[in-house]
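Below is one structure; the comments refer to it alone.
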Amino acid sequence: MRSVVMIPARYASSRYPGKPLVNLLDKPMILWVAELSANAVGKENVYIATDDNHIADVVTQAGFQAVMTTDDALTGTDRLAQAAQQIAADIYINVQGDEPLVDPKDILKVRDAKLANMNEVINGFSWVSDHEDPHSVNIPKVITNEQNELIYMSRLALPGFKDRKCAPVRYKKQVCIYAFTKDELTAFSAFGRKSELELSEDIEILRFLELNKTIRMVETQPGSLAVDIPDDVAKVEAALRKVAKE
């Protein structure tokens with residue numbers, strides 16, 4: 001079975017325009033993600049799904065494959081659905097282009113979970129660290145049952161509590177590595193709009209709940225950092241320097 005990594009990369013990000021091409025230690029962020037993805041599945045199985053010629057030029061000059069999509073894709077997963085129509089594979093692994101510290105072992109862990117559960121959507125999670133604020137709206141918090149099946153995901157600090165002694169000791173957060181089949185991506189796109197919960201939370205995985213899909217959450221390594229806003233660049237660069245010294 002063929003597994004490919006697809007990295008959605010949109011230039012016109014509402015929170016950070018041009019984000020895929022921001023330089024981190026003098027290398028465009030999209031290339032950090034592509035190279036780490038190649039360490040997991042091989043360079044020939046990595047594709048960047050984009051609607052922007054500048055991004056396509058950067059990745060192709062670095063030896064990666066670009067798949068052109070339309071500029072009206074509602075979300076990165078909708079963009080992935082468009083790209084999947086052009087690439088033959090059994091499993092499509094979505095690695096977000098703003099996570100330059102993604103661990104190749106986690107990509108493989110998500111892939112293996114999909115191989116074992118082909119009828120379920122797979123998504124990663126880790127635990128919110130002591131250095132992160134669980135109340136930050138930039139961190140989607142994950143609510144699962146005891147079998148690690150997704151119940152809900154929110155930008156609020158969930159689960160909630162009535163009595164402080166029942167407050168959660170720690171919170172799960174989403175790690176943006178997903179695994180889908182082409183049929184799952186097609187169904188997601190065919191929904192035709194953002195679901196009400198997806199629109200409110202701005203978390204696209206929630207659309208699959210409307211499709212009655214089981215979403216299995218797989219624990220990944222802690223320490224993943226995303227570049228959501230310009231202020232994130234310095235701390236991500238510091239983390240990249242630390243990794244380089246290890």
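Please note that chains go A, B, ... in the order of the structure tokens, that every chain numbers its residues from 1, and that ligands are numbered from 1 in the order shown.
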Exercise. Would you mind writing down, as JSON, numbers by chain, each residue of range 46-188 of chain A that DSSP on the backbone assigns to helix (DSSP H, G or I)?
Key: {"A": [53, 54, 55, 56, 57, 58, 59, 60, 61, 76, 77, 78, 79, 80, 81, 82, 83, 84, 104, 105, 106, 107, 108, 109, 110, 111, 112, 113, 114, 115, 116, 164, 165, 166, 182, 183, 184, 185, 186, 187, 188]}
Export, as a PDB file, in the first residue's frame, the selected residues with C-alpha atoms.
```pdb
ATOM      1  CA  ASN A  53       3.376  29.709  -7.874  1.00  0.00           C
ATOM      2  CA  HIS A  54       5.982  31.206  -5.530  1.00  0.00           C
ATOM      3  CA  ILE A  55       5.584  28.293  -3.121  1.00  0.00           C
ATOM      4  CA  ALA A  56       5.593  25.804  -6.004  1.00  0.00           C
ATOM      5  CA  ASP A  57       8.828  27.295  -7.362  1.00  0.00           C
ATOM      6  CA  VAL A  58      10.584  27.114  -3.981  1.00  0.00           C
ATOM      7  CA  VAL A  59       9.706  23.473  -3.369  1.00  0.00           C
ATOM      8  CA  THR A  60      10.396  22.259  -6.905  1.00  0.00           C
ATOM      9  CA  GLN A  61      13.795  23.975  -6.910  1.00  0.00           C
ATOM     10  CA  GLY A  76      -6.158  22.640   4.148  1.00  0.00           C
ATOM     11  CA  THR A  77      -8.047  19.339   4.129  1.00  0.00           C
ATOM     12  CA  ASP A  78     -10.188  20.548   1.215  1.00  0.00           C
ATOM     13  CA  ARG A  79      -6.941  21.439  -0.553  1.00  0.00           C
ATOM     14  CA  LEU A  80      -5.648  17.953   0.219  1.00  0.00           C
ATOM     15  CA  ALA A  81      -8.824  16.463  -1.252  1.00  0.00           C
ATOM     16  CA  GLN A  82      -8.178  18.336  -4.499  1.00  0.00           C
ATOM     17  CA  ALA A  83      -4.569  17.181  -4.602  1.00  0.00           C
ATOM     18  CA  ALA A  84      -5.514  13.566  -3.837  1.00  0.00           C
ATOM     19  CA  PRO A 104       9.318  11.755  11.268  1.00  0.00           C
ATOM     20  CA  LYS A 105       8.657   8.937  13.746  1.00  0.00           C
ATOM     21  CA  ASP A 106       5.285  10.506  14.525  1.00  0.00           C
ATOM     22  CA  ILE A 107       4.422  10.611  10.824  1.00  0.00           C
ATOM     23  CA  LEU A 108       5.122   6.890  10.661  1.00  0.00           C
ATOM     24  CA  LYS A 109       3.158   6.291  13.866  1.00  0.00           C
ATOM     25  CA  VAL A 110       0.102   7.978  12.358  1.00  0.00           C
ATOM     26  CA  ARG A 111       0.573   6.008   9.142  1.00  0.00           C
ATOM     27  CA  ASP A 112       0.769   2.723  11.038  1.00  0.00           C
ATOM     28  CA  ALA A 113      -2.360   3.577  13.021  1.00  0.00           C
ATOM     29  CA  LYS A 114      -4.157   4.173   9.735  1.00  0.00           C
ATOM     30  CA  LEU A 115      -2.947   0.872   8.334  1.00  0.00           C
ATOM     31  CA  ALA A 116      -4.439  -0.816  11.397  1.00  0.00           C
ATOM     32  CA  ARG A 164     -11.911  22.834  41.156  1.00  0.00           C
ATOM     33  CA  LYS A 165     -10.876  19.561  42.763  1.00  0.00           C
ATOM     34  CA  CYS A 166     -12.180  17.836  39.606  1.00  0.00           C
ATOM     35  CA  LYS A 182      -9.165   9.169  -0.827  1.00  0.00           C
ATOM     36  CA  ASP A 183     -12.815   8.291  -0.107  1.00  0.00           C
ATOM     37  CA  GLU A 184     -12.646  10.088   3.235  1.00  0.00           C
ATOM     38  CA  LEU A 185     -11.159  13.176   1.634  1.00  0.00           C
ATOM     39  CA  THR A 186     -13.753  13.104  -1.136  1.00  0.00           C
ATOM     40  CA  ALA A 187     -16.590  12.892   1.388  1.00  0.00           C
ATOM     41  CA  PHE A 188     -15.079  15.744   3.414  1.00  0.00           C
TER      42      PHE A 188
END
```
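The closest residue to Cys176 in chain A, picked from A:Thr70, A:Asn123, A:Ser13, A:Gln147 and counting only C-alpha atoms, is A:Asn123.
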Practice problem: May I ask for the distance between CA of Val5 in chain A and CA of Glu99 in chain A, given in Å to one decimal place? | Solution: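 Going from CA of Val5 in chain A over to CA of Glu99 in chain A covers 13.7 Å.
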Practice problem: Would you list the contacts of range 148-163 of chain A as an MDAnalysis selection string, taking every protein, DNA or RNA residue within 12 Å and counting only C-alpha atoms, but skipping same-chain residues closer than 3 positions in sequence? | Solution: chainID A and resid 117 120:126 128 132:145 166:175 197:210 212:219
Restricting the output to C-alpha atoms, write the selected residues as a PDB file, in the first residue's frame.
```pdb
ATOM      1  CA  ASN A 117      -7.695   1.193  11.241  1.00  0.00           C
ATOM      2  CA  GLU A 120     -11.081   5.583  10.784  1.00  0.00           C
ATOM      3  CA  VAL A 121      -9.573   9.031  10.370  1.00  0.00           C
ATOM      4  CA  ILE A 122      -6.308   9.322  12.321  1.00  0.00           C
ATOM      5  CA  ASN A 123      -5.072  12.490  14.041  1.00  0.00           C
ATOM      6  CA  GLY A 124      -2.195  13.160  16.404  1.00  0.00           C
ATOM      7  CA  PHE A 125      -2.219  14.661  19.866  1.00  0.00           C
ATOM      8  CA  SER A 126       0.262  15.463  22.602  1.00  0.00           C
ATOM      9  CA  VAL A 128       0.043  20.744  26.625  1.00  0.00           C
ATOM     10  CA  GLU A 132       2.138  26.564  27.097  1.00  0.00           C
ATOM     11  CA  ASP A 133      -1.108  28.235  28.075  1.00  0.00           C
ATOM     12  CA  PRO A 134      -4.074  25.852  27.745  1.00  0.00           C
ATOM     13  CA  HIS A 135      -6.323  28.904  27.494  1.00  0.00           C
ATOM     14  CA  SER A 136      -4.610  30.102  24.314  1.00  0.00           C
ATOM     15  CA  VAL A 137      -7.030  30.080  21.392  1.00  0.00           C
ATOM     16  CA  ASN A 138      -4.110  29.150  19.138  1.00  0.00           C
ATOM     17  CA  ILE A 139      -3.963  25.671  20.737  1.00  0.00           C
ATOM     18  CA  PRO A 140      -6.873  23.340  19.852  1.00  0.00           C
ATOM     19  CA  LYS A 141      -7.628  21.209  22.904  1.00  0.00           C
ATOM     20  CA  VAL A 142      -8.620  17.572  22.358  1.00  0.00           C
ATOM     21  CA  ILE A 143     -11.385  15.736  24.196  1.00  0.00           C
ATOM     22  CA  THR A 144     -11.378  11.955  23.800  1.00  0.00           C
ATOM     23  CA  ASN A 145     -13.051   8.983  25.380  1.00  0.00           C
ATOM     24  CA  CYS A 166     -12.180  17.836  39.606  1.00  0.00           C
ATOM     25  CA  ALA A 167     -10.179  20.055  37.235  1.00  0.00           C
ATOM     26  CA  PRO A 168      -8.062  18.149  34.701  1.00  0.00           C
ATOM     27  CA  VAL A 169      -4.441  17.719  35.685  1.00  0.00           C
ATOM     28  CA  ARG A 170      -3.330  18.298  32.099  1.00  0.00           C
ATOM     29  CA  TYR A 171      -4.791  18.965  28.682  1.00  0.00           C
ATOM     30  CA  LYS A 172      -4.428  17.244  25.347  1.00  0.00           C
ATOM     31  CA  LYS A 173      -3.682  19.367  22.288  1.00  0.00           C
ATOM     32  CA  GLN A 174      -3.984  18.598  18.614  1.00  0.00           C
ATOM     33  CA  VAL A 175      -0.866  17.780  16.627  1.00  0.00           C
ATOM     34  CA  LEU A 197     -18.892  23.565  14.805  1.00  0.00           C
ATOM     35  CA  GLU A 198     -15.971  23.733  12.373  1.00  0.00           C
ATOM     36  CA  LEU A 199     -16.822  27.328  11.495  1.00  0.00           C
ATOM     37  CA  SER A 200     -17.176  28.393  15.124  1.00  0.00           C
ATOM     38  CA  GLU A 201     -14.001  26.730  16.381  1.00  0.00           C
ATOM     39  CA  ASP A 202     -11.990  27.111  13.154  1.00  0.00           C
ATOM     40  CA  ILE A 203     -10.943  23.455  13.490  1.00  0.00           C
ATOM     41  CA  GLU A 204     -11.513  21.564  10.260  1.00  0.00           C
ATOM     42  CA  ILE A 205     -11.285  18.016  11.650  1.00  0.00           C
ATOM     43  CA  LEU A 206     -14.677  18.645  13.307  1.00  0.00           C
ATOM     44  CA  ARG A 207     -16.369  18.329   9.907  1.00  0.00           C
ATOM     45  CA  PHE A 208     -15.747  14.594  10.027  1.00  0.00           C
ATOM     46  CA  LEU A 209     -18.085  14.368  13.039  1.00  0.00           C
ATOM     47  CA  GLU A 210     -20.921  15.419  10.718  1.00  0.00           C
ATOM     48  CA  ASN A 212     -20.148  10.084  11.407  1.00  0.00           C
ATOM     49  CA  LYS A 213     -16.495   9.164  11.044  1.00  0.00           C
ATOM     50  CA  THR A 214     -14.577   7.791  13.988  1.00  0.00           C
ATOM     51  CA  ILE A 215     -11.497   9.922  14.569  1.00  0.00           C
ATOM     52  CA  ARG A 216      -8.771   8.034  16.387  1.00  0.00           C
ATOM     53  CA  MET A 217      -6.280  10.198  18.253  1.00  0.00           C
ATOM     54  CA  VAL A 218      -2.713   8.880  18.375  1.00  0.00           C
ATOM     55  CA  GLU A 219      -0.272  10.215  20.933  1.00  0.00           C
TER      56      GLU A 219
END
```
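Proximity to Lys19 in chain A was assessed for A:Pro222, A:Gly42, A:Gly63, A:Pro230 counting only C-alpha atoms; the smallest distance is recorded for A:Pro230.
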Self-check item: Nearest to Thr181 in chain A by atom-to-atom distance, counting only C-alpha atoms, from A:Ile30, A:Ser224, A:Asn94, A:Ala12
Solution: A:Asn94
Quiz prompt | Nearest residue to Asn119 in chain A from the set A:Val233, A:Ile91, A:Pro20, A:Leu240 (distances using only C-alpha atoms) | solution = A:Ile91
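The two atoms in question, CA of Thr75 in chain A and CA of Ile229 in chain A, are spaced 17.6 Å apart.
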Exercise. For Val67 in chain A, list every protein, DNA or RNA residue within 7 Å, evaluated using only C-alpha atoms, and leave out those in the same chain fewer than 2 positions away; present the list as a list of chain:residue names.
Key: A:Tyr47, A:Ile48, A:Ala49, A:Thr50, A:Gln65, A:Thr69, A:Ala83
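Nearest-residue note for Gly18 in chain A: choosing from A:Glu35, A:Asp228, A:Asp130, A:Asp103, the minimum distance belongs to A:Asp228, counting only C-alpha atoms.
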